[in-house]
Structures are given as C-alpha cells and as structure tokens.
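Participant: Have a look at this one before I ask anything.
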Amino acid sequence: MTQERTPHCYYVDHSFHSAREIGGIYSKLSGMYSPEELGGCIVLATCQRIEAYTLFEGNPFAGLGLPFRHLAGLEAVRKRIVAIGAGVESQILGERNVYHQVRNAFRDADDGNALKGLFTEALQGAQAIRRARGFYADMNYEDISLAILQDVLGRTGVDAVGLVIVGSGMLARNFLEKDILSVYNGVKFLTRSPRNLKKKFDKELKMSVMRCSDFRANESEEYHCIIATNGIDVGGYSEDVRQVLLSDSCKAVFDLSAAPLFRDELNAKFYVDTYSNIYYDYVDRYNSTKIAESQRIRNEIMNGVPALV
C-alpha cells in the first residue's frame, strides 16, 4: 500500500530550529492530539525532533507554529527514516536511543497502518549501517551527564557521594550499564510508581527503587541527582522532585528532561541541563571524531548506495 499512495514526512528538528523550543513542545505533546486528528500517521517525537509520517498530504502538527519541512515520495521518506535510525541526524552523532525511539514509533502504531512496512525496512537498513560501519556514539547522554558530574567531584575533592536518578524509563535504566559504583557510593531510583520499576529489576536492585518521599525520609548522605524523565510537572510530582533537589544533601544536578523546570531555582548549586553551554561543549568534543564518518554515511544514504540501504 505504501507504493499505491505517496508517503509524506513533515518534520522539525534541532539541526535548524531551537532544541529548547522543540523539547518544550515535545514534553506537552501527548494528549494534545486525538487519533482522529492524527489521521493514522506515525509520529516520531523526541526532545530533538517532531515528525509526522503520513500517506495523506497535510501536516497534522501545522498548528504548533513550528517551521516544519516537507518530504514527499517513498525514497525521500525512507532515506529520512534510515538516516535518523542510523544516528547521523542526532545531536550526539551515533547515539543509540534514537534507534529505539524510531522502533517504538511504528511499533505502537495500529497493526493495519500501511506505513509500518516502510518503517520496518528503513530501520533494518539503519541497523545494517550501524553494524557495518561501527557507527555508535563514544558518549551517549548518560555518559556525558556522568562525566560532567564526575568533573564536579574531582574539582571539589569530596569523597564519593551517592547518585540519585529520577525516572524509570529507558533513559534512566541505561545508567545501569555504566560503571557507576567506581565513582559513587551507590545508586537510587526515584519514581512515582516503584512497583512498576521493581518488576524490571533483580532482587538486589529492587531495594534501590523508591518514591521521593521515602528517599527523603531516609536521606543519610550527600548525593548528585540526574533527572532522566519527562512529565514531572504533571499531577504535582514536580514538588516531590523539587524537595529532593533543594535538599542541602544534593550537591549537583544534571537535568536530562526535555523541558527543565528547576534551572532558576537551583542556581546556588552546580546545575547543568541539555541546553547549557558546558553540555554543548562536551557534545562538540565527542562529535568531532564522528563528523566526517557521519557525513559519508549521510551521503551514501542520500545517493542510495545499495549495499547500505
């Protein structure tokens, strides 16, 4: 069916528009549009991009007032998906999370959605590129946040403190793949629904999952905090998180959320978010080893090199 109708992609991303504005809208996007308004399109929305893939001409997100660009045609749209999945259109070149975000976008669409086949094919191409070229970021979001916070520890000369991660999703759980205990005394995960996260952890890790109120009641050491979730301004949860961040025991904060809420309140502490200059400096530093290769891959995708696409 994707060959009987013309696929369209309407997109705005960090490469030509403010990532901060995109992130602010992304954090509010769910619930803003009904399935009827989206008309069966597949939505790829992250803190760096908002994209609508559809078989019908017309941008369902036009009302957002962002400078969307338009691609039309099977090949143009397919190449766009391949490039995103391969990590050459990300702020951090080669970052791994975007592959899963593309996969989740079409996985969650209705089984009868005619664009699913296009996404499946494109994502297979993206995966083949990553494996053939070894195109993976040297530093992902978790690595950069930990590196910046560890710099704080190094400058202060303080003995190792604890690490607190606010969140329970893929980004928060990715921190478990890092060598946290070589720097921090331990790690705790704070979430609104501890039971849901505990189901995903083994017996030992279950003890590290708790609500903000339980953490504060048993707070016994200094800590760094990483916010690795969105939507904390819903249902009064931001106040629970605020108390964790404003505690005298909290010595540094890295905010990975799309729409940071606490920047102005935490100016007396060491605070960084993904719109801070220090963060961009780290990204530029690590991207410098990937720029040439990413451009080669992008050119090959656009030129339709059969072996890669």
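Chain identifiers are assigned as A, B, and so on, following the order in which chains appear in the structure tokens; residues are numbered from 1 within each chain, and ligands are numbered from 1 in order of appearance.
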If you count only C-alpha atoms, which residues fall within 9 Å of A:Leu197, apart from same-chain ones fewer than 3 positions away, as an mmCIF file with N, CA and C atoms, in the first residue's frame?
Facilitator:
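part_26.cif, written as the output of this step:
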data_model
loop_
_atom_site.group_PDB
_atom_site.id
_atom_site.type_symbol
_atom_site.label_atom_id
_atom_site.label_comp_id
_atom_site.auth_asym_id
_atom_site.auth_seq_id
_atom_site.Cartn_x
_atom_site.Cartn_y
_atom_site.Cartn_z
ATOM 1 N N SER A 168 12.215 6.175 35.484
ATOM 2 C CA SER A 168 12.104 4.718 35.448
ATOM 3 C C SER A 168 12.094 4.162 34.033
ATOM 4 N N GLY A 169 12.188 5.037 33.024
ATOM 5 C CA GLY A 169 12.117 4.603 31.638
ATOM 6 C C GLY A 169 13.460 4.147 31.090
ATOM 7 N N PHE A 189 16.913 4.924 42.536
ATOM 8 C CA PHE A 189 15.981 5.362 41.502
ATOM 9 C C PHE A 189 14.706 5.867 42.173
ATOM 10 N N THR A 191 10.867 7.245 41.624
ATOM 11 C CA THR A 191 9.794 7.183 40.642
ATOM 12 C C THR A 191 8.444 7.268 41.332
ATOM 13 N N SER A 193 5.950 5.380 40.585
ATOM 14 C CA SER A 193 5.390 4.026 40.689
ATOM 15 C C SER A 193 6.514 3.013 40.896
ATOM 16 N N PRO A 194 7.042 2.904 42.108
ATOM 17 C CA PRO A 194 8.153 1.986 42.360
ATOM 18 C C PRO A 194 7.842 0.544 41.960
ATOM 19 N N LYS A 200 11.138 -4.840 36.840
ATOM 20 C CA LYS A 200 12.173 -4.944 35.806
ATOM 21 C C LYS A 200 13.565 -5.167 36.394
ATOM 22 N N PHE A 201 13.682 -5.105 37.720
ATOM 23 C CA PHE A 201 14.983 -5.223 38.368
ATOM 24 C C PHE A 201 15.099 -6.555 39.102
ATOM 25 N N LYS A 206 15.994 -4.080 43.431
ATOM 26 C CA LYS A 206 14.664 -3.660 43.868
ATOM 27 C C LYS A 206 14.758 -2.732 45.070
ATOM 28 N N VAL A 209 14.882 1.194 44.526
ATOM 29 C CA VAL A 209 13.755 1.892 43.911
ATOM 30 C C VAL A 209 12.801 2.382 44.991
#
Participant: Name the residues in contact with A:Ser15 at a cut-off of 10 Å, using only C-alpha atoms, excluding same-chain residues fewer than 5 positions from it; report them as a list in words.
Facilitator: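 Once the adjacent positions are removed, what remains is Gln48, Arg49, Glu89, Ser90 and Gln91 of chain A.
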Participant: Just how far from atom CA of A:Leu163 is atom CA of A:Lys199, in Å to one decimal?
Facilitator: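 Interatomic distance here is 21.1 Å.
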Participant: Enumerate, in order of chain and increasing residue number, the residues of stretch 66-147 of chain A with an atom no farther than 12 Å from stretch 20-25 of chain A, each with its shortest atom pair and distance in Å to one decimal, counting only C-alpha atoms, as a tab-separated table.
Facilitator:
residue	atom	partner	partner_atom	distance
A:Leu66	CA	A:Ile22	CA	8.5
A:Pro67	CA	A:Ile22	CA	10.7
A:Phe68	CA	A:Ile22	CA	11.3
Participant: Using DSSP assignments from the backbone, pull out every residue in stretch 42-290 of chain A that falls under alpha helix (DSSP H) and give it to me as a PyMOL selection string.
Facilitator: chain A and resi 74-86+97-107+116-133+141-156+170-174+194-198+203-206+212-217+237-246+277-287
Participant: List the neighbours of A:Cys9 out to 8 Å using only C-alpha atoms; skip same-chain residues closer than 3 positions along the sequence, and give me the result as JSON, numbers by chain.
Facilitator: {"A": [51, 52, 53, 54, 70, 71, 72, 77]}
Participant: Find the residue from A:Ile226, A:Ala137, A:Ile81, A:Ala258 that sits nearest to A:Leu29; use only C-alpha atoms when measuring.
Facilitator: A:Ala258
Participant: Name all residues at most 7 Å from stretch 229-241 of chain A (count only C-alpha atoms; drop same-chain ones fewer than 4 positions away) and give them as a PyMOL selection string.
Facilitator: chain A and resi 27+166-167+212-213+245+257-258
